[in-house]
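Input: a single structure, listed below in structure tokens.
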Amino acid sequence: MASSKLRLALVQMAVVETKAKNIARAVQLIREAVGGGAQLVALPECFNSPYGTNYFQKYAETIPGESTDALSAAAKKFGVYIVGGSIPERDGDKVYNTCTVWGPQGEMIAKHRKIHLFDINVPGAIAFRESDILSSGSELTTFELPQCKVGMGICYDIRFPELAQVYSKMGCKLLLYPGAFNMTTGPVHWDLLQRARALDNQVYVGTISPARDTSAKYIAWGHSSVVSPWGEVIATCEDEEAIIYGDIG
């Protein structure tokens, strides 16, 4: 790992039902984060679409496409690395929950398809099945920055410690998980999981949630955070739209 620190910005963005507005807002917040000194900016899971099985097909697009073209242009314009949260990606007759990563020349340097799909049934609390619409990815995803190597997961991927262990053995010093935990699992597991992944593997962990919208069918917990290898939360926020910063290294 290089000696210089990495300035990381996590964008807890408020997502609405108009895709074009979400894309424009994401670019605006990336610009703001770069103004705050960020060298790597990460967006939340489903930044271009409300989260839910009833939205994935409607908002799905190919890569490249409208949303990822905007990320590529923003990365080049602002000279920054961008982890594009995730979007519903259409590939043939399948839809994936996909994160793209962009370098400062506007080039795509990584693509992660969510491996572990969120199928849950907590009686009396929440039932949800991503697998009704989405297909699962099967590849580990890492990318290199001048400062360190980064491993990628999306939301439910964080519950699987083996993934983080493999990334750590591959030399990753930072793991990023765009994720939309809900009002049932968020309060009890969100903080616990990211601190466990960080401490067990001696890595930094960043989690990036959408801002909370209490009028949505699926209500996100929020509380995007950066956790140190000591298991300490070094940056976090509540449920509102926010940008938080962490210095990695």
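Scheme for the structure tokens: letters A, B, ... for chains in order shown; per-chain residue numbers from 1; ligand numbers from 1 in order shown.
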
Item checked: All residues 8 Å or closer to A:Met152, only C-alpha atoms, same chain fewer than 4 positions away omitted, as a PyMOL selection string -> chain A and resi 112+140-142+175-177

Next item on the list: Pick out the residues sitting within 6 Å of stretch 134-136 of chain A, and hand them over as an MDAnalysis selection string; count only C-alpha atoms, and ignore anything fewer than 3 positions along from it in its own chain.
Entry: chainID A and resid 95:96 114:115 130:131

Item checked: Point-to-point distance in Å for atom CA of A:Ala180 and atom CA of A:Leu71 ->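 These two atoms are separated by 20.2 Å.
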
Margin query: as an NGL selection string, please: the residues near stretch 208-216 of chain A (cut-off 7 Å, only C-alpha atoms, same-chain neighbours under 6 positions excluded).
Written below: :A and (10-15 or 43-45 or 177-180 or 222-225 or 239-241)

Keeping only all heavy atoms, write those residues as a short mmCIF file (atom, residue, chain, number, x, y, z; two decimals), in the first residue's frame.
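out.cif was written with the following content:
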```cif
data_model
loop_
_atom_site.label_atom_id
_atom_site.label_comp_id
_atom_site.auth_asym_id
_atom_site.auth_seq_id
_atom_site.Cartn_x
_atom_site.Cartn_y
_atom_site.Cartn_z
N LEU A 10 -18.53 9.07 0.86
CA LEU A 10 -19.71 8.23 0.69
C LEU A 10 -20.92 9.14 0.55
O LEU A 10 -21.16 10.00 1.41
CB LEU A 10 -19.89 7.30 1.90
CG LEU A 10 -18.68 6.45 2.30
CD1 LEU A 10 -19.04 5.55 3.47
CD2 LEU A 10 -18.13 5.66 1.13
N VAL A 11 -21.68 8.93 -0.52
CA VAL A 11 -22.81 9.80 -0.84
C VAL A 11 -24.12 9.09 -0.49
O VAL A 11 -24.54 8.16 -1.19
CB VAL A 11 -22.80 10.19 -2.33
CG1 VAL A 11 -24.03 11.02 -2.67
CG2 VAL A 11 -21.53 10.95 -2.68
N GLN A 12 -24.72 9.50 0.64
CA GLN A 12 -26.03 8.97 1.04
C GLN A 12 -27.10 9.84 0.37
O GLN A 12 -27.50 10.85 0.88
CB GLN A 12 -26.17 8.97 2.56
CG GLN A 12 -27.49 8.36 3.02
CD GLN A 12 -27.49 8.05 4.50
OE1 GLN A 12 -26.83 7.12 4.94
NE2 GLN A 12 -28.23 8.83 5.27
N MET A 13 -27.51 9.39 -0.80
CA MET A 13 -28.32 10.21 -1.70
C MET A 13 -29.80 9.89 -1.57
O MET A 13 -30.19 8.74 -1.38
CB MET A 13 -27.83 9.92 -3.13
CG MET A 13 -28.59 10.59 -4.24
SD MET A 13 -27.93 10.01 -5.83
CE MET A 13 -29.46 9.91 -6.76
N ALA A 14 -30.62 10.93 -1.67
CA ALA A 14 -32.08 10.75 -1.70
C ALA A 14 -32.50 10.36 -3.11
O ALA A 14 -32.25 11.09 -4.07
CB ALA A 14 -32.78 12.03 -1.26
N VAL A 15 -33.11 9.19 -3.24
CA VAL A 15 -33.52 8.65 -4.54
C VAL A 15 -35.01 8.89 -4.75
O VAL A 15 -35.81 8.66 -3.84
CB VAL A 15 -33.20 7.15 -4.62
CG1 VAL A 15 -33.71 6.55 -5.93
CG2 VAL A 15 -31.70 6.91 -4.47
N LEU A 43 -21.39 5.96 -4.47
CA LEU A 43 -22.84 6.20 -4.45
C LEU A 43 -23.55 5.01 -3.79
O LEU A 43 -22.96 3.94 -3.62
CB LEU A 43 -23.35 6.39 -5.88
CG LEU A 43 -22.79 7.57 -6.67
CD1 LEU A 43 -23.33 7.54 -8.10
CD2 LEU A 43 -23.13 8.89 -6.01
N PRO A 44 -24.84 5.16 -3.47
CA PRO A 44 -25.57 4.08 -2.81
C PRO A 44 -26.08 3.01 -3.77
O PRO A 44 -26.12 3.20 -4.99
CB PRO A 44 -26.74 4.81 -2.15
CG PRO A 44 -26.98 5.99 -3.03
CD PRO A 44 -25.62 6.41 -3.53
N GLU A 45 -26.52 1.90 -3.20
CA GLU A 45 -27.20 0.87 -3.96
C GLU A 45 -28.45 1.46 -4.62
O GLU A 45 -29.17 2.25 -4.02
CB GLU A 45 -27.61 -0.29 -3.04
CG GLU A 45 -28.29 -1.43 -3.77
CD GLU A 45 -28.67 -2.60 -2.86
OE1 GLU A 45 -28.84 -2.38 -1.65
OE2 GLU A 45 -28.81 -3.72 -3.38
N TYR A 177 -19.34 -1.49 0.30
CA TYR A 177 -20.62 -2.16 0.16
C TYR A 177 -21.74 -1.13 -0.01
O TYR A 177 -22.30 -0.67 0.99
CB TYR A 177 -20.94 -3.01 1.39
CG TYR A 177 -20.01 -4.15 1.68
CD1 TYR A 177 -18.92 -3.99 2.54
CD2 TYR A 177 -20.23 -5.42 1.14
CE1 TYR A 177 -18.07 -5.05 2.84
CE2 TYR A 177 -19.39 -6.49 1.44
CZ TYR A 177 -18.32 -6.30 2.29
OH TYR A 177 -17.49 -7.35 2.59
N PRO A 178 -22.07 -0.71 -1.23
CA PRO A 178 -23.33 0.02 -1.40
C PRO A 178 -24.46 -0.88 -0.91
O PRO A 178 -24.50 -2.08 -1.28
CB PRO A 178 -23.41 0.25 -2.91
CG PRO A 178 -22.01 0.04 -3.42
CD PRO A 178 -21.38 -0.97 -2.51
N GLY A 179 -25.36 -0.37 -0.09
CA GLY A 179 -26.38 -1.25 0.46
C GLY A 179 -27.58 -0.50 1.00
O GLY A 179 -27.43 0.58 1.58
N ALA A 180 -28.75 -1.09 0.83
CA ALA A 180 -29.99 -0.51 1.34
C ALA A 180 -30.60 -1.47 2.37
O ALA A 180 -31.53 -2.21 2.06
CB ALA A 180 -30.97 -0.25 0.20
N GLY A 222 -30.38 3.94 6.07
CA GLY A 222 -29.43 5.06 6.05
C GLY A 222 -28.18 4.71 6.84
O GLY A 222 -27.71 3.58 6.83
N HIS A 223 -27.63 5.70 7.55
CA HIS A 223 -26.47 5.50 8.43
C HIS A 223 -25.25 4.97 7.67
O HIS A 223 -24.56 4.05 8.14
CB HIS A 223 -26.83 4.56 9.60
CG HIS A 223 -27.88 5.09 10.51
ND1 HIS A 223 -27.59 5.81 11.66
CD2 HIS A 223 -29.23 5.06 10.44
CE1 HIS A 223 -28.71 6.16 12.27
NE2 HIS A 223 -29.73 5.72 11.54
N SER A 224 -24.98 5.55 6.50
CA SER A 224 -23.74 5.23 5.78
C SER A 224 -22.55 5.49 6.69
O SER A 224 -22.56 6.44 7.48
CB SER A 224 -23.63 6.08 4.52
OG SER A 224 -24.74 5.85 3.67
N SER A 225 -21.52 4.65 6.58
CA SER A 225 -20.42 4.72 7.55
C SER A 225 -19.09 4.31 6.94
O SER A 225 -19.04 3.56 5.97
CB SER A 225 -20.71 3.80 8.75
OG SER A 225 -21.93 4.11 9.38
N ASP A 239 -30.12 9.48 8.81
CA ASP A 239 -30.87 8.92 7.69
C ASP A 239 -31.09 9.90 6.55
O ASP A 239 -31.64 9.56 5.53
CB ASP A 239 -32.24 8.40 8.18
CG ASP A 239 -33.05 9.49 8.88
OD1 ASP A 239 -33.80 10.20 8.18
OD2 ASP A 239 -32.93 9.63 10.10
N GLU A 240 -30.65 11.16 6.73
CA GLU A 240 -30.89 12.20 5.74
C GLU A 240 -29.86 12.15 4.61
O GLU A 240 -28.85 11.45 4.71
CB GLU A 240 -30.81 13.58 6.41
CG GLU A 240 -29.41 14.04 6.80
CD GLU A 240 -28.77 13.32 8.00
OE1 GLU A 240 -29.47 12.55 8.68
OE2 GLU A 240 -27.56 13.54 8.23
N GLU A 241 -30.12 12.88 3.53
CA GLU A 241 -29.13 12.98 2.46
C GLU A 241 -27.88 13.64 3.02
O GLU A 241 -27.96 14.67 3.71
CB GLU A 241 -29.69 13.79 1.28
CG GLU A 241 -28.75 13.80 0.08
CD GLU A 241 -29.38 14.40 -1.16
OE1 GLU A 241 -29.42 15.65 -1.23
OE2 GLU A 241 -29.84 13.64 -2.03
#
```

Next item on the list: Just list the residues in stretch 94-223 of chain A DSSP gives helix (DSSP H, G or I) on the backbone, as a VMD selection string.
Entry: chain A and resid 130 to 132 155 to 159 161 to 169 186 to 201

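With only C-alpha atoms as the atoms that count, the residue of A:Ala73, A:Ser4, A:Thr184, A:Gln147 with the shortest distance to A:Gly124 is A:Thr184.
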
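Shortest atom-to-atom contact with A:Lys5 among A:Ala70, A:Ala110, A:Ile219, A:Leu174: A:Leu174, counting only C-alpha atoms.
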
Next item on the list: Pull the strand (DSSP E or B) assignments for stretch 5-43 of chain A out of DSSP run on the backbone, and list those residues as a VMD selection string.
Entry: chain A and resid 6 to 12 40 to 42
